[in-house]
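Visitor: Attaching a single structure in structure tokens format; questions to follow.
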Amino acid sequence: MKNFTLTCLSFILALGLNAQTQIDLPITWDDPTVDYTTTAFEGGISAADVDPTNATNNVLKFTKPVGAQPWAGVTLSTPTGLASVIPFDASNNIISVMVYSPAAGLPMRLKAEVAGVPTESVETDATTTVANAWETLTFDFSNESAGTAAINYAFNYNTLSFFGDFLTPPSGQEFYVDDVVFGGITPPPSGLDTIDLPITWDDTANVDYTTTAFEGGVSAADLDPTDATNNVLKFTKPSGAQPWAGVTLSNTTLDNPIPFTASENIISVKVYSAAAGLPIMMKAEESGGGFAEATVSTTVANAWETIFFDFSSPSAGSLDYSLDYDVLSFFGDFMTPASGQEFYIDSVFFGLPVPPTPDPTVDTNSVTFQVDMRGYAGAYTTPEVNGVFNGWCGNCNPMTDVDNDSIWEATIDIPLDTIEFKFSHDAWTGQEELDSASSCVLTTIDGNNVFVNRLVVVSSDTVLPVVCWNSCVACVADTADTTTGIFNVANLDLNIYPNPSNGIINIETASFQSYSITMMDALGKTVYTSSNVNNTLETVDVSSFENGIYMVILRADDKIHTSKVMVSK
């Protein structure tokens, strides 16, 4: 049965090959109706293969085995040549080829000739610039190789041959070839649109999200490490890559130039990095022209953050508003030796990202955040709220101070949930450094990284109390000097124990004469209340509570203190 199946398959394949059309430009190795037979010579070996970076993409593999001639190559067709004459004329002399090479600095040659007439030929050269990565090489036949004939537009060139590592002794060098295009522009596959800003990697049905890694970097579409339903770009700097390895966020150029103006110079990018403090560089350039680079460091590890690149103050180059910047490249851990660093990239926007639109099917509540900036000693322009509800997006939820009292507010619709957040200012230029021992925070440990954020349970429309920057409580005047204008956080004499509890909790304080207590479960449901408490020690029976985390909220004198306790029985 097995032999019969193979015989039938061979017969079907033979029928299919007989029905295929002759190879012609552009050559992609993806069209099943085309006969992609090639002709290696002088000891070279050629065969159809799969892209080493994308198993769904068909390409040509060319090898120079030991024993082949230094000028071994492959004709990109049968000996009879292409189906059509290459349409060279005085203004059209370019053929581009996507090449995957084992090393940078290798000479590649492309030769056009008239089939059966080897004296009627023209040759030109290009050099690889990256190793183990795809790049587009441009072969200009108006610039012929030294010692070879110049292009003659009267000749009907209909054969095209590729030479890898030309005139270098063979040692088993392997090359992959794809997208051989007359005119130097690689068309998007299957009629897909060219990549353009904003870039989300989600519209795969309509957009060609091909990217071009260089200097040994590796890029490929991948899944969000935190959400398997979200498509992103993964960029890797493997050992052996250059410290300046990067990835161009397109196949060649963007569909439209980046619309920089004197008042709009920001590009925002969501980045998932393995460590905080890594330099991320974005480079905008005009293909073949000027460039500007902006560098910003990551602030979190193993989590998404939105990084804002201000090209009005570039780290290198300069922004010329008269240029058409149509190439955008990403560099992870820029100028650091390559060691396998991995980065995920998503949501590349010109300008600032738009806050997520609430899902109308999800119940949300209006939450007003308030922060008193009088306790902040640094310089700032606009405070902002960042949290899980807006993807830590930077200043997409800026705060306002309408009455100029240094208490800034922002109201946001947030789904019913227990949420983490913190205050920052000016697109993460500065952020709170909260004390992990504070009562209003949640501390998360991920490997060697510690994340300390505010925690709030949202159960209804809520106006959160005013808190001092970096504090769980309101700013109060320093009792040692009430005339300085310096504000400090009030110290509370408060103790809640035991924690965890299997029956009762004790709330002990000497800070207030009278206060109220509210306890809420993780879903925001109130499970205990007590008003006008005037004991220095209040005992709460939690023996009937379900096991879990509860918020203890103490209110007194227009101040609020929150703490978390665990009930475990």
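Chain labels run A, B, ... following the order of the structure tokens; each chain numbers its residues from 1, and ligands are numbered from 1 in the order shown.
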Show which residues sit within 9 Å of Tyr321 in chain A, as a list in words. Count only C-alpha atoms, and ignore same-chain residues fewer than 2 positions away.
Guide: Pro259, Phe260, Thr261, Ala262, Leu319, Leu323, Asp324 and Tyr325 of chain A
Visitor: Write a file of the selected residues as a JSON list (two decimals), in the first residue's frame, keeping all heavy atoms.
Guide:
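So the final result, stored in again25.json, reads:
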[["chain", "number", "residue", "atom", "x", "y", "z"],
["A", 259, "PRO", "N", 4.88, 61.41, 9.86],
["A", 259, "PRO", "CA", 4.47, 62.82, 9.70],
["A", 259, "PRO", "C", 4.99, 63.75, 10.80],
["A", 259, "PRO", "O", 4.22, 64.43, 11.48],
["A", 259, "PRO", "CB", 2.94, 62.73, 9.72],
["A", 259, "PRO", "CG", 2.65, 61.56, 10.60],
["A", 259, "PRO", "CD", 3.75, 60.57, 10.35],
["A", 260, "PHE", "N", 6.31, 63.81, 10.95],
["A", 260, "PHE", "CA", 6.90, 64.71, 11.94],
["A", 260, "PHE", "C", 6.57, 66.17, 11.60],
["A", 260, "PHE", "O", 6.59, 66.57, 10.44],
["A", 260, "PHE", "CB", 8.42, 64.55, 11.98],
["A", 260, "PHE", "CG", 8.90, 63.27, 12.60],
["A", 260, "PHE", "CD1", 9.71, 62.39, 11.88],
["A", 260, "PHE", "CD2", 8.58, 62.94, 13.91],
["A", 260, "PHE", "CE1", 10.19, 61.22, 12.46],
["A", 260, "PHE", "CE2", 9.03, 61.76, 14.49],
["A", 260, "PHE", "CZ", 9.84, 60.90, 13.76],
["A", 261, "THR", "N", 6.28, 66.95, 12.65],
["A", 261, "THR", "CA", 6.14, 68.40, 12.52],
["A", 261, "THR", "C", 6.84, 69.04, 13.71],
["A", 261, "THR", "O", 7.25, 68.34, 14.65],
["A", 261, "THR", "CB", 4.67, 68.84, 12.50],
["A", 261, "THR", "OG1", 4.08, 68.57, 13.79],
["A", 261, "THR", "CG2", 3.88, 68.13, 11.42],
["A", 262, "ALA", "N", 6.96, 70.37, 13.68],
["A", 262, "ALA", "CA", 7.63, 71.06, 14.78],
["A", 262, "ALA", "C", 6.94, 70.83, 16.12],
["A", 262, "ALA", "O", 7.56, 70.93, 17.18],
["A", 262, "ALA", "CB", 7.69, 72.56, 14.47],
["A", 319, "LEU", "N", 16.60, 65.97, 13.40],
["A", 319, "LEU", "CA", 15.31, 65.85, 12.75],
["A", 319, "LEU", "C", 15.12, 67.02, 11.79],
["A", 319, "LEU", "O", 15.08, 68.18, 12.20],
["A", 319, "LEU", "CB", 14.19, 65.83, 13.80],
["A", 319, "LEU", "CG", 12.82, 65.33, 13.33],
["A", 319, "LEU", "CD1", 12.90, 63.91, 12.82],
["A", 319, "LEU", "CD2", 11.82, 65.40, 14.47],
["A", 323, "LEU", "N", 12.52, 66.34, 5.33],
["A", 323, "LEU", "CA", 12.81, 65.00, 4.83],
["A", 323, "LEU", "C", 11.61, 64.08, 5.01],
["A", 323, "LEU", "O", 10.76, 64.30, 5.88],
["A", 323, "LEU", "CB", 14.02, 64.41, 5.57],
["A", 323, "LEU", "CG", 15.34, 65.16, 5.43],
["A", 323, "LEU", "CD1", 16.46, 64.44, 6.17],
["A", 323, "LEU", "CD2", 15.71, 65.34, 3.95],
["A", 324, "ASP", "N", 11.57, 63.03, 4.21],
["A", 324, "ASP", "CA", 10.53, 62.01, 4.31],
["A", 324, "ASP", "C", 11.11, 60.79, 5.03],
["A", 324, "ASP", "O", 11.74, 59.93, 4.42],
["A", 324, "ASP", "CB", 10.03, 61.61, 2.92],
["A", 324, "ASP", "CG", 9.22, 62.70, 2.25],
["A", 324, "ASP", "OD1", 8.59, 63.49, 2.97],
["A", 324, "ASP", "OD2", 9.23, 62.77, 1.00],
["A", 325, "TYR", "N", 10.90, 60.74, 6.34],
["A", 325, "TYR", "CA", 11.42, 59.62, 7.13],
["A", 325, "TYR", "C", 10.49, 58.42, 6.94],
["A", 325, "TYR", "O", 9.41, 58.36, 7.53],
["A", 325, "TYR", "CB", 11.51, 60.01, 8.60],
["A", 325, "TYR", "CG", 12.50, 61.12, 8.87],
["A", 325, "TYR", "CD1", 12.11, 62.45, 8.91],
["A", 325, "TYR", "CD2", 13.85, 60.82, 9.07],
["A", 325, "TYR", "CE1", 13.03, 63.46, 9.16],
["A", 325, "TYR", "CE2", 14.78, 61.82, 9.32],
["A", 325, "TYR", "CZ", 14.36, 63.15, 9.36],
["A", 325, "TYR", "OH", 15.27, 64.14, 9.60]]
Visitor: Could you pull the residues within 9 Å of Ile94 in chain A, counting only C-alpha atoms, minus those fewer than 6 positions along the same chain, as a list in words?
Guide: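 Residues near the query, excluding close chain neighbours: Phe88, Thr138, Phe139, Asp140, Phe141, Ser142, Val181, Phe182, Gly183 and Gly184 of chain A.
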Visitor: Quick one: residues within 10 Å of Ser84 in chain A, only C-alpha atoms counted, chain neighbours fewer than 5 positions away excluded, as a PDB file with C-alpha atoms, in the first residue's frame?
Guide:
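Dumped to out_18.pdb:
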ATOM      1  CA  GLN A  22       7.987  28.951 -16.782  1.00  0.00           C
ATOM      2  CA  ILE A  23       9.746  30.922 -14.048  1.00  0.00           C
ATOM      3  CA  ASP A  24       9.750  34.716 -14.474  1.00  0.00           C
ATOM      4  CA  LEU A  25      10.354  37.909 -12.491  1.00  0.00           C
ATOM      5  CA  ASN A 156      17.491  40.647 -24.753  1.00  0.00           C
ATOM      6  CA  TYR A 157      18.735  39.482 -21.362  1.00  0.00           C
ATOM      7  CA  ASN A 158      16.523  36.585 -20.334  1.00  0.00           C
ATOM      8  CA  THR A 159      18.685  34.577 -17.918  1.00  0.00           C
TER       9      THR A 159
END
Visitor: Write out as a tab-separated table the residues of range 127-224 of chain A that have any atom within 9 Å of an atom of range 252-255 of chain A, one row each with the nearest atom pair and its distance in Å to one decimal, counting only C-alpha atoms, sorted by chain and then rising number.
Guide:
residue	atom	partner	partner_atom	distance
A:Thr136	CA	A:Thr252	CA	7.9
A:Ile185	CA	A:Thr252	CA	7.8
A:Thr186	CA	A:Thr252	CA	7.6
A:Asp193	CA	A:Asp255	CA	8.2
A:Thr194	CA	A:Asp255	CA	5.4
A:Ile195	CA	A:Leu254	CA	5.7
A:Asp196	CA	A:Leu254	CA	5.1
A:Leu197	CA	A:Leu254	CA	7.6
A:Thr210	CA	A:Thr252	CA	8.9
A:Thr211	CA	A:Thr252	CA	8.0
A:Thr212	CA	A:Thr252	CA	7.6
Visitor: Tell me, which residues of range 306-455 of chain A carry DSSP helix (DSSP H, G or I), written as number ranges by chain?
Guide: A: 373-375, 388-390
Visitor: Which residues in range 321-399 of chain A does DSSP call strand (DSSP E or B)? List them as a ChimeraX atom specification.
Guide: /A:327-332,341-351,364-372,383-387,398
Visitor: Taking into account only C-alpha atoms, which residue in the set A:Trp469, A:Phe389, A:Phe421, A:Trp428 is nearest to Ser406 in chain A?
Guide: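 Looking at the shortest contact to Ser406 in chain A, the residue is A:Trp469.
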Visitor: Could you jot down the CA of Ala220 in chain A to CA of Asn390 in chain A separation for me, Å, one decimal place?
Guide: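 About the pair CA of Ala220 in chain A and CA of Asn390 in chain A: they are 26.4 Å apart.
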Visitor: Counting only C-alpha atoms, what is within 6 Å of range 232-243 of chain A, bar same-chain residues fewer than 6 positions away, as a list in words?
Guide: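 Near range 232-243 of chain A, the qualifying residues are Trp201, Glu215, Gly216, Gly217, Val218, Ser219, Ala220, Ala221, Asp222, Leu223, Asp224, Met335, Thr336, Pro337, Ala338, Ser339, Gly340, Gln341, Glu342, Phe343, Tyr344, Ile345 and Asp346 of chain A.
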Visitor: One number please: CA of Met551 in chain A to CA of Met399 in chain A, in Å, one decimal.
Guide: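 Answer for the CA of Met551 in chain A to CA of Met399 in chain A separation: 26.4 Å.
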Visitor: Between CA of Cys472 in chain A and CA of Arg555 in chain A, what is the distance, to one decimal in Å?
Guide: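 Going from CA of Cys472 in chain A over to CA of Arg555 in chain A covers 12.3 Å.
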Visitor: If we count only C-alpha atoms and set the cut-off at 8 Å, which residues sit around Val177 in chain A, ignoring sequence neighbours fewer than 3 positions away in its own chain? Please answer as number ranges by chain.
Guide: A: 59-62, 97-100, 180
Visitor: Let me see the file: selected residues, N, CA, C and O atoms, as an mmCIF file, in the first residue's frame.
Guide:
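Result written to part_39.cif:
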data_model
loop_
_atom_site.group_PDB
_atom_site.id
_atom_site.type_symbol
_atom_site.label_atom_id
_atom_site.label_comp_id
_atom_site.auth_asym_id
_atom_site.auth_seq_id
_atom_site.Cartn_x
_atom_site.Cartn_y
_atom_site.Cartn_z
ATOM 1 N N VAL A 59 11.655 29.248 -0.147
ATOM 2 C CA VAL A 59 12.793 30.000 -0.667
ATOM 3 C C VAL A 59 13.685 29.050 -1.462
ATOM 4 O O VAL A 59 13.417 27.850 -1.561
ATOM 5 N N LEU A 60 14.771 29.569 -2.020
ATOM 6 C CA LEU A 60 15.791 28.777 -2.702
ATOM 7 C C LEU A 60 17.023 28.686 -1.818
ATOM 8 O O LEU A 60 17.469 29.691 -1.263
ATOM 9 N N LYS A 61 17.591 27.491 -1.677
ATOM 10 C CA LYS A 61 18.832 27.297 -0.941
ATOM 11 C C LYS A 61 19.943 26.990 -1.926
ATOM 12 O O LYS A 61 19.807 26.116 -2.788
ATOM 13 N N PHE A 62 21.053 27.740 -1.820
ATOM 14 C CA PHE A 62 22.216 27.509 -2.687
ATOM 15 C C PHE A 62 23.435 27.218 -1.824
ATOM 16 O O PHE A 62 23.721 27.934 -0.873
ATOM 17 N N VAL A 97 17.271 41.490 -4.430
ATOM 18 C CA VAL A 97 17.213 40.098 -4.037
ATOM 19 C C VAL A 97 17.277 40.021 -2.518
ATOM 20 O O VAL A 97 18.163 40.624 -1.902
ATOM 21 N N MET A 98 16.358 39.290 -1.914
ATOM 22 C CA MET A 98 16.438 39.012 -0.483
ATOM 23 C C MET A 98 17.426 37.856 -0.292
ATOM 24 O O MET A 98 17.273 36.794 -0.895
ATOM 25 N N VAL A 99 18.446 38.077 0.557
ATOM 26 C CA VAL A 99 19.502 37.082 0.758
ATOM 27 C C VAL A 99 19.678 36.828 2.254
ATOM 28 O O VAL A 99 19.704 37.772 3.057
ATOM 29 N N TYR A 100 19.789 35.582 2.632
ATOM 30 C CA TYR A 100 20.113 35.151 4.003
ATOM 31 C C TYR A 100 21.496 34.515 3.919
ATOM 32 O O TYR A 100 21.691 33.471 3.286
ATOM 33 N N VAL A 180 13.153 37.861 -5.753
ATOM 34 C CA VAL A 180 13.985 38.477 -6.794
ATOM 35 C C VAL A 180 13.068 39.375 -7.622
ATOM 36 O O VAL A 180 12.170 38.896 -8.319
#
Visitor: So which residues touch Asn397 in chain A within 12 Å, counting only C-alpha atoms, skipping near sequence neighbours fewer than 5 positions away, as an MDAnalysis selection string?
Guide: chainID A and resid 352:356 368:369 382:387 389:392 408:413 421:428
Visitor: Near Ser438 in chain A, counting only C-alpha atoms, which residues have an atom at most 8 Å away, once you skip same-chain residues fewer than 3 positions from it, shown as a list in words?
Guide: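 Listing them by chain and then by number gives Leu434, Asp435, Val441, Ser471 and Cys472 of chain A.
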Visitor: Hey, can you spit out that residue selection with N, CA, C and O atoms as an mmCIF file, in the first residue's frame?
Guide:
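Written output follows (part-v1.cif):
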data_model
loop_
_atom_site.group_PDB
_atom_site.id
_atom_site.type_symbol
_atom_site.label_atom_id
_atom_site.label_comp_id
_atom_site.auth_asym_id
_atom_site.auth_seq_id
_atom_site.Cartn_x
_atom_site.Cartn_y
_atom_site.Cartn_z
ATOM 1 N N LEU A 434 7.180 53.637 45.903
ATOM 2 C CA LEU A 434 6.386 53.321 47.081
ATOM 3 C C LEU A 434 7.110 52.340 48.001
ATOM 4 O O LEU A 434 7.840 51.450 47.540
ATOM 5 N N ASP A 435 6.891 52.524 49.275
ATOM 6 C CA ASP A 435 7.480 51.644 50.288
ATOM 7 C C ASP A 435 6.687 50.341 50.341
ATOM 8 O O ASP A 435 5.465 50.345 50.526
ATOM 9 N N VAL A 441 -0.358 49.175 49.370
ATOM 10 C CA VAL A 441 0.333 48.699 48.184
ATOM 11 C C VAL A 441 0.263 47.185 48.080
ATOM 12 O O VAL A 441 -0.005 46.470 49.044
ATOM 13 N N SER A 471 2.796 58.156 49.181
ATOM 14 C CA SER A 471 2.241 57.869 50.494
ATOM 15 C C SER A 471 0.859 57.257 50.371
ATOM 16 O O SER A 471 0.174 57.401 49.354
ATOM 17 N N CYS A 472 0.434 56.596 51.426
ATOM 18 C CA CYS A 472 -0.922 56.038 51.492
ATOM 19 C C CYS A 472 -1.918 57.010 52.101
ATOM 20 O O CYS A 472 -3.114 56.732 52.138
#
